[in-house]
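Text of model27.pdb (PDB, C-alpha atoms, pLDDT in the B column) as supplied:
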```pdb
MODEL        1
ATOM      1  CA  MET N   1    -182.916  16.481-119.803  1.00 57.00           C
ATOM      2  CA  GLY N   2    -179.354  17.486-120.650  1.00 66.00           C
ATOM      3  CA  GLY N   3    -177.930  15.192-117.975  1.00 71.00           C
ATOM      4  CA  ILE N   4    -179.837  12.201-119.309  1.00 82.00           C
ATOM      5  CA  HIS N   5    -178.780  12.792-122.906  1.00 86.00           C
ATOM      6  CA  SER N   6    -175.153  13.325-121.905  1.00 84.00           C
ATOM      7  CA  ILE N   7    -175.005  10.150-119.845  1.00 85.00           C
ATOM      8  CA  ASP N   8    -176.820   8.132-122.511  1.00 87.00           C
ATOM      9  CA  ALA N   9    -174.335   9.340-125.125  1.00 88.00           C
ATOM     10  CA  PHE N  10    -171.440   7.868-123.106  1.00 83.00           C
ATOM     11  CA  LEU N  11    -173.060   4.573-122.091  1.00 83.00           C
ATOM     12  CA  PRO N  12    -171.750   2.593-125.091  1.00 84.00           C
ATOM     13  CA  LEU N  13    -168.194   3.703-124.328  1.00 81.00           C
ATOM     14  CA  LEU N  14    -168.599   2.867-120.674  1.00 77.00           C
ATOM     15  CA  LYS N  15    -169.912  -0.603-121.441  1.00 76.00           C
ATOM     16  CA  THR N  16    -166.904  -1.427-123.651  1.00 77.00           C
ATOM     17  CA  ALA N  17    -164.472  -0.131-121.039  1.00 68.00           C
ATOM     18  CA  GLU N  18    -166.271  -1.806-118.139  1.00 63.00           C
ATOM     19  CA  ALA N  19    -164.393  -5.110-118.364  1.00 63.00           C
ATOM     20  CA  LYS N  20    -161.007  -3.392-118.479  1.00 67.00           C
ATOM     21  CA  LYS N  21    -161.195  -0.934-115.599  1.00 70.00           C
ATOM     22  CA  THR N  22    -163.408   1.044-113.310  1.00 71.00           C
ATOM     23  CA  VAL N  23    -165.502   3.544-115.231  1.00 72.00           C
ATOM     24  CA  LYS N  24    -167.206   6.635-113.882  1.00 76.00           C
ATOM     25  CA  ILE N  25    -169.573   9.360-114.921  1.00 79.00           C
ATOM     26  CA  ILE N  26    -169.124  12.624-113.068  1.00 84.00           C
ATOM     27  CA  SER N  27    -171.826  15.243-112.689  1.00 86.00           C
ATOM     28  CA  LEU N  28    -171.544  18.639-111.089  1.00 86.00           C
ATOM     29  CA  SER N  29    -174.291  19.628-108.706  1.00 84.00           C
ATOM     30  CA  SER N  30    -174.476  22.004-105.766  1.00 85.00           C
ATOM     31  CA  GLY N  31    -176.045  22.317-102.366  1.00 83.00           C
ATOM     32  CA  VAL N  32    -179.061  24.142-103.749  1.00 83.00           C
ATOM     33  CA  GLY N  33    -180.175  20.829-105.239  1.00 84.00           C
ATOM     34  CA  ASP N  34    -180.594  19.398-101.741  1.00 84.00           C
ATOM     35  CA  LEU N  35    -184.159  19.745-100.505  1.00 81.00           C
ATOM     36  CA  ASP N  36    -183.350  19.858 -96.797  1.00 83.00           C
ATOM     37  CA  LEU N  37    -180.625  22.460 -97.261  1.00 82.00           C
ATOM     38  CA  THR N  38    -182.862  24.652 -99.384  1.00 78.00           C
ATOM     39  CA  ILE N  39    -185.765  24.506 -96.930  1.00 79.00           C
ATOM     40  CA  GLY N  40    -183.488  25.006 -93.934  1.00 81.00           C
ATOM     41  CA  SER N  41    -181.806  28.055 -95.403  1.00 80.00           C
ATOM     42  CA  GLN N  42    -185.026  29.445 -96.905  1.00 71.00           C
ATOM     43  CA  LEU N  43    -183.355  30.165-100.229  1.00 65.00           C
ATOM     44  CA  SER N  44    -185.812  31.949-102.453  1.00 70.00           C
ATOM     45  CA  VAL N  45    -183.438  33.094-105.188  1.00 72.00           C
ATOM     46  CA  ILE N  46    -182.714  31.383-108.506  1.00 80.00           C
ATOM     47  CA  PRO N  47    -185.531  28.803-108.325  1.00 84.00           C
ATOM     48  CA  ALA N  48    -184.899  27.402-111.825  1.00 87.00           C
ATOM     49  CA  TYR N  49    -181.266  26.708-110.931  1.00 86.00           C
ATOM     50  CA  CYS N  50    -182.327  24.956-107.719  1.00 85.00           C
ATOM     51  CA  VAL N  51    -184.843  22.820-109.593  1.00 88.00           C
ATOM     52  CA  SER N  52    -182.319  21.841-112.276  1.00 88.00           C
ATOM     53  CA  LYS N  53    -179.757  20.760-109.664  1.00 88.00           C
ATOM     54  CA  ALA N  54    -182.374  18.724-107.784  1.00 89.00           C
ATOM     55  CA  ALA N  55    -183.347  17.048-111.068  1.00 90.00           C
ATOM     56  CA  LEU N  56    -179.703  16.266-111.846  1.00 89.00           C
ATOM     57  CA  ASN N  57    -179.327  14.671-108.414  1.00 89.00           C
ATOM     58  CA  MET N  58    -182.317  12.435-109.136  1.00 90.00           C
ATOM     59  CA  VAL N  59    -180.962  11.455-112.569  1.00 90.00           C
ATOM     60  CA  VAL N  60    -177.661  10.441-110.987  1.00 87.00           C
ATOM     61  CA  ALA N  61    -179.498   8.437-108.301  1.00 89.00           C
ATOM     62  CA  LYS N  62    -181.552   6.586-110.926  1.00 89.00           C
ATOM     63  CA  TYR N  63    -178.473   5.711-113.009  1.00 85.00           C
ATOM     64  CA  ALA N  64    -176.697   4.549-109.839  1.00 84.00           C
ATOM     65  CA  MET N  65    -179.599   2.240-109.038  1.00 86.00           C
ATOM     66  CA  ARG N  66    -179.398   0.831-112.549  1.00 82.00           C
ATOM     67  CA  PHE N  67    -175.665   0.355-112.900  1.00 75.00           C
ATOM     68  CA  VAL N  68    -173.999   0.164-109.494  1.00 72.00           C
ATOM     69  CA  ASN N  69    -173.723  -3.351-108.171  1.00 61.00           C
TER      70      ASN N  69
ENDMDL
END
```
Encoded form using structure tokens:
Amino acid sequence: MGGIHSIDAFLPLLKTAEAKKTVKIISLSSGVGDLDLTIGSQLSVIPAYCVSKAALNMVVAKYAMRFVN
């Protein structure tokens, strides 16, 4: 949920800057958020971290669908 709240907090600023220049939101994920990589490497450590990175990747994908032309 932290990713969603952080992005939502910046949306008003991004909308006002949108007409002036290219605007971006940057998120930091890792390979453990990738399902194929995790299954292929059989990572069994830090499951909560893996789940949170996968969730962040989905949040970014959903915002991209909404805002990228």
*Which residue, N:Ile26, N:Phe10, N:Val60, N:Gly33, has the smallest gap to Ile46 (chain N) when you use all atoms listed in the file?*
N:Gly33
_Please report the interatomic distance between CA of Met65 (chain N) and CA of Ala48 (chain N) in Å with one decimal._
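About the pair CA of Met65 (chain N) and CA of Ala48 (chain N): they are 25.9 Å apart.
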*Counting all atoms listed in the file, what is within 9 Å of Asp34 (chain N), bar same-chain residues fewer than 3 positions away, as JSON, numbers by chain?*
{"N": [30, 31, 37, 38, 39, 50, 53, 54, 57]}
*Taking the file as shown, find all residues satisfying the PyMOL selection byres ((chain N and resi 68) around 12) and write them as a list in words.*
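Output from the PyMOL selection byres ((chain N and resi 68) around 12), applied to this file: Glu18, Thr22, Val23, Lys24, Ile25, Val60, Ala61, Lys62, Tyr63, Ala64, Met65, Arg66, Phe67 and Asn69 of chain N.
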*Selection near His5 (chain N), 12 Å with all atoms listed in the file, sequence-local residues under 6 positions removed, as a VMD selection string*: chain N and resid 11 56 59
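The space between CA of Ile4 (chain N) and CA of Asp36 (chain N) spans 24.0 Å.
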*Between N:Gln42, N:Pro47, N:Leu28, N:Lys21, which is the closest to Gly3 (chain N) once you count all atoms listed in the file?*
N:Leu28
_What does the structure give for the distance between CA of Ser52 (chain N) and CA of Leu35 (chain N), in Å to one decimal?_
12.1 Å
*asked:* Taking all atoms listed in the file into account, name the residue in N:Val45, N:Met58, N:Val51, N:Leu13 that is nearest to Ser27 (chain N).
replied: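 Between N:Val45, N:Met58, N:Val51, N:Leu13, the residue approaching Ser27 (chain N) most closely is N:Met58.
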